[in-house]
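To be precise, the following lines are query_7.tsv, and they hold TSV, N, CA and C atoms.
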chain	number	residue	atom	x	y	z
A	15	MET	N	26.38	1.74	47.12
A	15	MET	CA	24.98	1.87	46.77
A	15	MET	C	24.20	2.20	48.04
A	16	ARG	N	23.22	3.06	47.92
A	16	ARG	CA	22.44	3.49	49.08
A	16	ARG	C	20.99	3.03	48.95
A	17	ILE	N	20.82	1.77	48.72
A	17	ILE	CA	19.48	1.24	48.52
A	17	ILE	C	18.68	1.21	49.82
A	18	GLY	N	19.37	1.12	50.94
A	18	GLY	CA	18.68	1.03	52.23
A	18	GLY	C	17.77	2.21	52.49
A	19	ARG	N	18.26	3.40	52.16
A	19	ARG	CA	17.46	4.61	52.37
A	19	ARG	C	16.18	4.55	51.53
A	20	THR	N	16.31	4.08	50.29
A	20	THR	CA	15.15	3.96	49.41
A	20	THR	C	14.15	2.97	49.97
A	21	ILE	N	14.64	1.83	50.43
A	21	ILE	CA	13.75	0.83	51.02
A	21	ILE	C	13.02	1.41	52.21
A	22	ARG	N	13.75	2.09	53.07
A	22	ARG	CA	13.13	2.68	54.27
A	22	ARG	C	12.06	3.70	53.88
A	23	GLU	N	12.37	4.57	52.92
A	23	GLU	CA	11.40	5.58	52.49
A	23	GLU	C	10.15	4.93	51.90
A	24	LEU	N	10.34	3.91	51.08
A	24	LEU	CA	9.19	3.22	50.49
A	24	LEU	C	8.38	2.50	51.57
A	25	ARG	N	9.07	1.92	52.53
A	25	ARG	CA	8.37	1.23	53.62
A	25	ARG	C	7.53	2.20	54.43
A	26	LEU	N	8.13	3.33	54.78
A	26	LEU	CA	7.40	4.34	55.56
A	26	LEU	C	6.23	4.90	54.77
A	27	ALA	N	6.44	5.12	53.47
A	27	ALA	CA	5.36	5.65	52.63
A	27	ALA	C	4.20	4.66	52.53
A	28	SER	N	4.51	3.36	52.63
A	28	SER	CA	3.45	2.35	52.56
A	28	SER	C	2.75	2.16	53.90
A	29	GLY	N	3.30	2.77	54.96
A	29	GLY	CA	2.71	2.65	56.28
A	29	GLY	C	3.07	1.35	56.99
A	30	SER	N	4.06	0.63	56.48
A	30	SER	CA	4.46	-0.64	57.09
A	30	SER	C	5.53	-0.42	58.14
A	31	THR	N	5.49	-1.25	59.16
A	31	THR	CA	6.58	-1.26	60.13
A	31	THR	C	7.71	-2.11	59.58
A	32	LEU	N	8.87	-2.02	60.18
A	32	LEU	CA	10.01	-2.83	59.78
A	32	LEU	C	9.66	-4.31	59.88
A	33	GLU	N	9.01	-4.67	60.96
A	33	GLU	CA	8.64	-6.07	61.18
A	33	GLU	C	7.63	-6.55	60.14
A	34	GLU	N	6.67	-5.72	59.78
A	34	GLU	CA	5.67	-6.10	58.78
A	34	GLU	C	6.32	-6.34	57.42
A	35	LEU	N	7.18	-5.42	57.01
A	35	LEU	CA	7.84	-5.59	55.71
A	35	LEU	C	8.74	-6.81	55.73
A	36	ALA	N	9.47	-7.00	56.81
A	36	ALA	CA	10.35	-8.17	56.91
A	36	ALA	C	9.53	-9.45	56.77
A	37	HIS	N	8.40	-9.51	57.43
A	37	HIS	CA	7.53	-10.69	57.35
A	37	HIS	C	7.03	-10.91	55.92
A	38	LYS	N	6.56	-9.84	55.28
A	38	LYS	CA	6.06	-9.95	53.90
A	38	LYS	C	7.15	-10.40	52.93
A	39	ALA	N	8.39	-9.95	53.19
A	39	ALA	CA	9.50	-10.29	52.30
A	39	ALA	C	10.20	-11.59	52.70
A	40	GLY	N	9.75	-12.20	53.80
A	40	GLY	CA	10.37	-13.44	54.24
A	40	GLY	C	11.76	-13.25	54.80
A	41	LEU	N	11.97	-12.09	55.45
A	41	LEU	CA	13.29	-11.77	56.02
A	41	LEU	C	13.20	-11.65	57.53
A	42	ASP	N	14.33	-11.74	58.17
A	42	ASP	CA	14.42	-11.45	59.58
A	42	ASP	C	14.45	-9.93	59.74
A	43	ALA	N	13.74	-9.40	60.72
A	43	ALA	CA	13.67	-7.94	60.91
A	43	ALA	C	15.05	-7.34	61.14
A	44	SER	N	15.93	-8.06	61.83
A	44	SER	CA	17.27	-7.51	62.08
A	44	SER	C	18.06	-7.42	60.77
A	45	ASN	N	17.85	-8.37	59.87
A	45	ASN	CA	18.50	-8.34	58.56
A	45	ASN	C	18.00	-7.14	57.76
A	46	LEU	N	16.67	-6.94	57.74
A	46	LEU	CA	16.10	-5.80	57.02
A	46	LEU	C	16.59	-4.49	57.62
A	47	SER	N	16.71	-4.44	58.93
A	47	SER	CA	17.21	-3.23	59.59
A	47	SER	C	18.62	-2.90	59.12
A	48	ARG	N	19.49	-3.92	59.01
A	48	ARG	CA	20.86	-3.68	58.53
A	48	ARG	C	20.84	-3.18	57.08
A	49	ILE	N	19.93	-3.73	56.27
A	49	ILE	CA	19.81	-3.29	54.87
A	49	ILE	C	19.36	-1.84	54.83
A	50	GLU	N	18.34	-1.50	55.61
A	50	GLU	CA	17.82	-0.12	55.61
A	50	GLU	C	18.87	0.89	56.08
A	51	ARG	N	19.75	0.46	56.96
A	51	ARG	CA	20.80	1.37	57.46
A	51	ARG	C	22.06	1.32	56.59
A	52	ASP	N	21.95	0.67	55.44
A	52	ASP	CA	23.06	0.55	54.48
A	52	ASP	C	24.30	-0.09	55.08
A	53	LEU	N	24.09	-0.97	56.04
A	53	LEU	CA	25.20	-1.74	56.61
A	53	LEU	C	25.40	-3.04	55.85
A	54	GLN	N	24.40	-3.40	55.05
A	54	GLN	CA	24.44	-4.64	54.29
A	54	GLN	C	23.64	-4.43	53.01
A	55	GLU	N	24.17	-4.91	51.88
A	55	GLU	CA	23.43	-4.85	50.63
A	55	GLU	C	22.59	-6.11	50.49
A	56	PRO	N	21.37	-5.98	49.99
A	56	PRO	CA	20.55	-7.17	49.81
A	56	PRO	C	21.05	-8.00	48.64
A	57	SER	N	20.89	-9.31	48.75
A	57	SER	CA	21.19	-10.17	47.61
A	57	SER	C	20.13	-9.90	46.54
A	58	ALA	N	20.34	-10.42	45.35
A	58	ALA	CA	19.37	-10.21	44.28
A	58	ALA	C	18.01	-10.77	44.66
A	59	GLY	N	18.00	-11.97	45.22
A	59	GLY	CA	16.74	-12.58	45.63
A	59	GLY	C	16.05	-11.79	46.72
A	60	CYS	N	16.83	-11.32	47.66
A	60	CYS	CA	16.30	-10.51	48.75
A	60	CYS	C	15.72	-9.21	48.21
A	61	ALA	N	16.41	-8.58	47.27
A	61	ALA	CA	15.92	-7.34	46.67
A	61	ALA	C	14.59	-7.57	45.96
A	62	TRP	N	14.48	-8.71	45.25
A	62	TRP	CA	13.23	-9.04	44.57
A	62	TRP	C	12.09	-9.19	45.57
A	63	ARG	N	12.37	-9.89	46.69
A	63	ARG	CA	11.31	-10.11	47.70
A	63	ARG	C	10.90	-8.79	48.35
A	64	ILE	N	11.87	-7.92	48.60
A	64	ILE	CA	11.55	-6.61	49.20
A	64	ILE	C	10.72	-5.79	48.22
A	65	ALA	N	11.14	-5.75	46.96
A	65	ALA	CA	10.40	-4.99	45.95
A	65	ALA	C	8.97	-5.52	45.84
A	66	ASP	N	8.82	-6.83	45.82
A	66	ASP	CA	7.50	-7.44	45.73
A	66	ASP	C	6.65	-7.08	46.94
A	67	ALA	N	7.24	-7.15	48.12
A	67	ALA	CA	6.50	-6.82	49.34
A	67	ALA	C	6.09	-5.35	49.38
A	68	LEU	N	6.89	-4.50	48.74
A	68	LEU	CA	6.58	-3.06	48.69
A	68	LEU	C	5.71	-2.70	47.48
A	69	HIS	N	5.42	-3.69	46.62
A	69	HIS	CA	4.61	-3.49	45.41
A	69	HIS	C	5.25	-2.48	44.46
A	70	VAL	N	6.57	-2.63	44.27
A	70	VAL	CA	7.31	-1.79	43.32
A	70	VAL	C	8.16	-2.71	42.45
A	71	THR	N	8.67	-2.16	41.36
A	71	THR	CA	9.58	-2.91	40.50
A	71	THR	C	11.00	-2.78	41.04
A	72	LEU	N	11.88	-3.63	40.55
A	72	LEU	CA	13.29	-3.48	40.93
A	72	LEU	C	13.82	-2.13	40.45
A	73	GLY	N	13.35	-1.67	39.30
A	73	GLY	CA	13.77	-0.35	38.80
A	73	GLY	C	13.44	0.74	39.80
A	74	GLU	N	12.25	0.71	40.36
A	74	GLU	CA	11.86	1.71	41.36
A	74	GLU	C	12.69	1.56	42.62
A	75	LEU	N	12.92	0.32	43.02
A	75	LEU	CA	13.68	0.08	44.24
A	75	LEU	C	15.11	0.60	44.12
A	76	PHE	N	15.71	0.40	42.96
A	76	PHE	CA	17.11	0.80	42.78
A	76	PHE	C	17.27	2.21	42.21
A	77	GLU	N	16.17	2.87	41.87
A	77	GLU	CA	16.25	4.17	41.22
A	77	GLU	C	17.05	5.19	42.03
A	78	ASP	N	16.69	5.39	43.27
A	78	ASP	CA	17.37	6.40	44.08
A	78	ASP	C	18.83	6.05	44.29
A	79	ALA	N	19.08	4.78	44.58
A	79	ALA	CA	20.46	4.36	44.81
A	79	ALA	C	21.30	4.56	43.55
A	80	ALA	N	20.75	4.22	42.40
A	80	ALA	CA	21.49	4.35	41.15
A	80	ALA	C	21.70	5.81	40.78
A	81	SER	N	20.70	6.65	40.99
A	81	SER	CA	20.84	8.04	40.59
A	81	SER	C	21.71	8.83	41.55
A	82	SER	N	21.96	8.30	42.75
A	82	SER	CA	22.81	9.02	43.70
A	82	SER	C	24.29	8.76	43.44
A	83	ARG	N	24.60	7.71	42.65
A	83	ARG	CA	25.99	7.44	42.35
A	83	ARG	C	26.49	8.45	41.34
A	84	GLN	N	27.74	8.79	41.44
A	84	GLN	CA	28.29	9.82	40.57
A	84	GLN	C	29.40	9.28	39.67
A	85	HIS	N	29.25	8.08	39.12
A	85	HIS	CA	30.31	7.54	38.27
A	85	HIS	C	29.87	7.57	36.81
A	86	GLY	N	30.67	8.22	36.03
A	86	GLY	CA	30.47	8.20	34.59
A	86	GLY	C	29.19	8.85	34.09
A	87	GLY	N	28.57	9.72	34.87
A	87	GLY	CA	27.37	10.38	34.43
A	87	GLY	C	26.23	9.43	34.16
A	88	ALA	N	26.14	8.37	34.96
A	88	ALA	CA	25.11	7.35	34.74
A	88	ALA	C	23.72	7.95	34.84
A	89	GLU	N	22.87	7.50	33.95
A	89	GLU	CA	21.47	7.91	33.97
A	89	GLU	C	20.75	7.18	35.08
A	90	PRO	N	19.73	7.78	35.68
A	90	PRO	CA	18.94	7.06	36.67
A	90	PRO	C	18.23	5.87	36.03
A	91	VAL	N	17.99	4.84	36.83
A	91	VAL	CA	17.25	3.69	36.35
A	91	VAL	C	15.82	4.14	36.05
A	92	PRO	N	15.27	3.76	34.88
A	92	PRO	CA	13.90	4.17	34.56
A	92	PRO	C	12.93	3.75	35.65
A	93	ARG	N	11.95	4.58	35.92
A	93	ARG	CA	11.01	4.33	37.00
A	93	ARG	C	9.80	3.57	36.49
A	94	GLY	N	9.65	2.36	36.97
A	94	GLY	CA	8.48	1.53	36.70
A	94	GLY	C	7.99	1.57	35.26
A	95	GLY	N	7.60	0.46	34.75
A	95	GLY	CA	7.02	0.42	33.43
A	95	GLY	C	8.02	0.14	32.32
A	96	ASP	N	9.30	0.26	32.57
A	96	ASP	CA	10.30	-0.05	31.56
A	96	ASP	C	10.74	-1.49	31.78
A	97	ARG	N	10.05	-2.40	31.11
A	97	ARG	CA	10.28	-3.83	31.33
A	97	ARG	C	11.67	-4.27	30.92
A	98	GLN	N	12.21	-3.67	29.86
A	98	GLN	CA	13.55	-4.05	29.43
A	98	GLN	C	14.58	-3.68	30.49
A	99	ALA	N	14.43	-2.49	31.06
A	99	ALA	CA	15.37	-2.07	32.11
A	99	ALA	C	15.24	-2.95	33.34
A	100	ASP	N	14.00	-3.27	33.71
A	100	ASP	CA	13.79	-4.15	34.86
A	100	ASP	C	14.38	-5.53	34.59
A	101	SER	N	14.22	-6.03	33.37
A	101	SER	CA	14.77	-7.32	33.00
A	101	SER	C	16.30	-7.28	33.05
A	102	LEU	N	16.86	-6.20	32.55
A	102	LEU	CA	18.31	-6.04	32.58
A	102	LEU	C	18.83	-6.01	34.01
A	103	LEU	N	18.14	-5.29	34.89
A	103	LEU	CA	18.53	-5.26	36.29
A	103	LEU	C	18.47	-6.65	36.92
A	104	LYS	N	17.43	-7.38	36.58
A	104	LYS	CA	17.27	-8.73	37.12
A	104	LYS	C	18.47	-9.59	36.75
A	105	VAL	N	18.85	-9.55	35.49
A	105	VAL	CA	19.99	-10.33	35.02
A	105	VAL	C	21.28	-9.81	35.68
A	106	PHE	N	21.44	-8.51	35.73
A	106	PHE	CA	22.65	-7.91	36.30
A	106	PHE	C	22.85	-8.35	37.75
A	107	TYR	N	21.80	-8.32	38.55
A	107	TYR	CA	21.94	-8.66	39.96
A	107	TYR	C	22.05	-10.16	40.21
A	108	ARG	N	21.84	-10.97	39.18
A	108	ARG	CA	22.10	-12.40	39.30
A	108	ARG	C	23.56	-12.72	39.00
A	109	LEU	N	24.27	-11.77	38.38
A	109	LEU	CA	25.68	-11.98	38.07
A	109	LEU	C	26.52	-11.91	39.35
A	110	SER	N	27.66	-12.57	39.31
A	110	SER	CA	28.58	-12.50	40.45
A	110	SER	C	29.22	-11.11	40.49
A	111	GLU	N	29.77	-10.78	41.64
A	111	GLU	CA	30.46	-9.49	41.79
A	111	GLU	C	31.61	-9.37	40.80
A	112	THR	N	32.20	-10.48	40.43
A	112	THR	CA	33.29	-10.49	39.46
A	112	THR	C	32.80	-10.16	38.06
A	113	ASN	N	31.63	-10.66	37.70
A	113	ASN	CA	31.12	-10.47	36.34
A	113	ASN	C	30.37	-9.16	36.13
A	114	ARG	N	29.90	-8.52	37.18
A	114	ARG	CA	29.16	-7.27	37.02
A	114	ARG	C	29.96	-6.19	36.31
A	115	PRO	N	31.23	-5.96	36.69
A	115	PRO	CA	32.00	-4.93	35.96
A	115	PRO	C	32.16	-5.25	34.48
A	116	LEU	N	32.25	-6.55	34.15
A	116	LEU	CA	32.36	-6.94	32.74
A	116	LEU	C	31.08	-6.59	31.98
A	117	ALA	N	29.93	-6.80	32.62
A	117	ALA	CA	28.65	-6.46	31.99
A	117	ALA	C	28.57	-4.96	31.75
A	118	VAL	N	28.98	-4.17	32.73
A	118	VAL	CA	28.96	-2.71	32.58
A	118	VAL	C	29.89	-2.29	31.45
A	119	GLN	N	31.07	-2.90	31.39
A	119	GLN	CA	32.03	-2.57	30.33
A	119	GLN	C	31.45	-2.91	28.96
A	120	MET	N	30.79	-4.05	28.84
A	120	MET	CA	30.18	-4.42	27.56
A	120	MET	C	29.09	-3.42	27.15
A	121	LEU	N	28.28	-2.98	28.09
A	121	LEU	CA	27.25	-2.00	27.77
A	121	LEU	C	27.85	-0.66	27.36
A	122	ARG	N	28.93	-0.28	27.99
A	122	ARG	CA	29.60	0.97	27.60
A	122	ARG	C	30.18	0.87	26.19
A	123	ILE	N	30.70	-0.30	25.82
A	123	ILE	CA	31.20	-0.51	24.47
A	123	ILE	C	30.06	-0.39	23.47
A	124	LEU	N	28.92	-1.00	23.78
A	124	LEU	CA	27.75	-0.89	22.90
A	124	LEU	C	27.28	0.56	22.77
A	125	GLU	N	27.27	1.27	23.89
A	125	GLU	CA	26.85	2.67	23.87
A	125	GLU	C	27.78	3.50	23.00
A	126	LYS	N	29.09	3.29	23.14
A	126	LYS	CA	30.07	4.03	22.35
A	126	LYS	C	29.91	3.71	20.86
A	127	SER	N	29.70	2.43	20.54
A	127	SER	CA	29.50	2.01	19.16
A	127	SER	C	28.26	2.70	18.58
A	128	GLN	N	27.22	2.79	19.36
A	128	GLN	CA	25.99	3.44	18.91
A	128	GLN	C	26.23	4.93	18.66
A	129	ARG	N	26.95	5.58	19.58
A	129	ARG	CA	27.26	7.02	19.41
A	129	ARG	C	28.09	7.23	18.16
A	130	ASP	N	29.10	6.36	17.97
A	130	ASP	CA	30.00	6.51	16.82
A	130	ASP	C	29.26	6.31	15.50
A	131	SER	N	28.31	5.37	15.47
A	131	SER	CA	27.57	5.11	14.24
A	131	SER	C	26.54	6.20	13.96
A	132	ALA	N	26.15	6.96	14.98
A	132	ALA	CA	25.19	8.04	14.80
A	132	ALA	C	25.86	9.29	14.23
A	133	ASP	N	27.18	9.35	14.34
A	133	ASP	CA	27.91	10.53	13.85
A	133	ASP	C	28.11	10.52	12.36
Represent the structure of the file as structure tokens.
Amino acid sequence: MRIGRTIRELRLASGSTLEELAHKAGLDASNLSRIERDLQEPSAGCAWRIADALHVTLGELFEDAASSRQHGGAEPVPRGGDRQADSLLKVFYRLSETNRPLAVQMLRILEKSQRDSAD
């Protein structure tokens, strides 16, 4: 995932320095720097604090990272205003790394079932 680039772009667009955003999000500037350089992925709680400090939704924060992945023709995360998608992301990022693939598999099964019933 390349969320760091998105965070950096949003931070620069807001006119904040790395130190200012880190302070607003309650993070150490060196930690935020590693996240922005994609050397470290933020935890779910950290991602929420960064999104809040940038005044964006989690959907907006993860949009670029999600749309840059090329697995299974995934659709980009809806941009702001889609509360169900934001809620789903919130739940997804609270899951353990072990359970996340299971959640994705369950959603794919639901999607396939929906496609099959539409035919």
Applying 8 Å and all atoms listed in the file, which residues near A:Ser47 remain after dropping the ones on its own chain fewer than 3 positions away? List them as a CSV table (one decimal) with N, CA and C atoms, keeping the file's coordinate frame.
chain,number,residue,atom,x,y,z
A,18,GLY,N,19.4,1.1,50.9
A,18,GLY,CA,18.7,1.0,52.2
A,18,GLY,C,17.8,2.2,52.5
A,32,LEU,N,8.9,-2.0,60.2
A,32,LEU,CA,10.0,-2.8,59.8
A,32,LEU,C,9.7,-4.3,59.9
A,33,GLU,N,9.0,-4.7,61.0
A,33,GLU,CA,8.6,-6.1,61.2
A,33,GLU,C,7.6,-6.6,60.1
A,36,ALA,N,9.5,-7.0,56.8
A,36,ALA,CA,10.4,-8.2,56.9
A,36,ALA,C,9.5,-9.4,56.8
A,42,ASP,N,14.3,-11.7,58.2
A,42,ASP,CA,14.4,-11.4,59.6
A,42,ASP,C,14.4,-9.9,59.7
A,43,ALA,N,13.7,-9.4,60.7
A,43,ALA,CA,13.7,-7.9,60.9
A,43,ALA,C,15.0,-7.3,61.1
A,44,SER,N,15.9,-8.1,61.8
A,44,SER,CA,17.3,-7.5,62.1
A,44,SER,C,18.1,-7.4,60.8
A,50,GLU,N,18.3,-1.5,55.6
A,50,GLU,CA,17.8,-0.1,55.6
A,50,GLU,C,18.9,0.9,56.1
A,51,ARG,N,19.8,0.5,57.0
A,51,ARG,CA,20.8,1.4,57.5
A,51,ARG,C,22.1,1.3,56.6
A,52,ASP,N,22.0,0.7,55.4
A,52,ASP,CA,23.1,0.6,54.5
A,52,ASP,C,24.3,-0.1,55.1
A,53,LEU,N,24.1,-1.0,56.0
A,53,LEU,CA,25.2,-1.7,56.6
A,53,LEU,C,25.4,-3.0,55.8
A,54,GLN,N,24.4,-3.4,55.0
A,54,GLN,CA,24.4,-4.6,54.3
A,54,GLN,C,23.6,-4.4,53.0
For A:Leu75, work out the shell of residues within 7 Å, counting only N, CA and C atoms and skipping chain neighbours fewer than 5 positions away, then give it as an mmCIF file with N, CA and C atoms, keeping the file's coordinate frame.
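For reference, selection.cif as written:
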data_model
loop_
_atom_site.group_PDB
_atom_site.id
_atom_site.type_symbol
_atom_site.label_atom_id
_atom_site.label_comp_id
_atom_site.auth_asym_id
_atom_site.auth_seq_id
_atom_site.Cartn_x
_atom_site.Cartn_y
_atom_site.Cartn_z
ATOM 1 N N ILE A 17 20.820 1.770 48.720
ATOM 2 C CA ILE A 17 19.480 1.240 48.520
ATOM 3 C C ILE A 17 18.680 1.210 49.820
ATOM 4 N N THR A 20 16.310 4.080 50.290
ATOM 5 C CA THR A 20 15.150 3.960 49.410
ATOM 6 C C THR A 20 14.150 2.970 49.970
ATOM 7 N N ILE A 21 14.640 1.830 50.430
ATOM 8 C CA ILE A 21 13.750 0.830 51.020
ATOM 9 C C ILE A 21 13.020 1.410 52.210
ATOM 10 N N ALA A 65 11.140 -5.750 46.960
ATOM 11 C CA ALA A 65 10.400 -4.990 45.950
ATOM 12 C C ALA A 65 8.970 -5.520 45.840
ATOM 13 N N VAL A 70 6.570 -2.630 44.270
ATOM 14 C CA VAL A 70 7.310 -1.790 43.320
ATOM 15 C C VAL A 70 8.160 -2.710 42.450
ATOM 16 N N ALA A 80 20.750 4.220 42.400
ATOM 17 C CA ALA A 80 21.490 4.350 41.150
ATOM 18 C C ALA A 80 21.700 5.810 40.780
#
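Atom CA of A:Thr71 to atom N of A:Lys104 spans 9.8 Å [interatomic distance, one decimal].
For the atom pair formed by atom CA of A:Gln98 and atom CA of A:Glu74, the distance is 13.4 Å, given to one decimal.
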Between atom C of A:Ser57 and atom N of A:Lys126 lies a distance of 28.3 Å
Would you return as an NGL selection string the members of chain A that DSSP assigns to alpha helix (DSSP H) on this structure's backbone?
-> :A and (17-28 or 32-39 or 43-50 or 58-68 or 72-82 or 97-108 or 114-132)
Excluding same-chain residues fewer than 4 positions from A:Ala39, what lies within 8 Å of it counting only N, CA and C atoms, as a PyMOL selection string?
chain A and resi 33-35+60+62-68
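Residue nearest A:Ser101 within the list A:Val118, A:Leu72, A:Leu41, A:Leu24: A:Leu72 [criterion: smallest interatomic distance, all atoms listed in the file].
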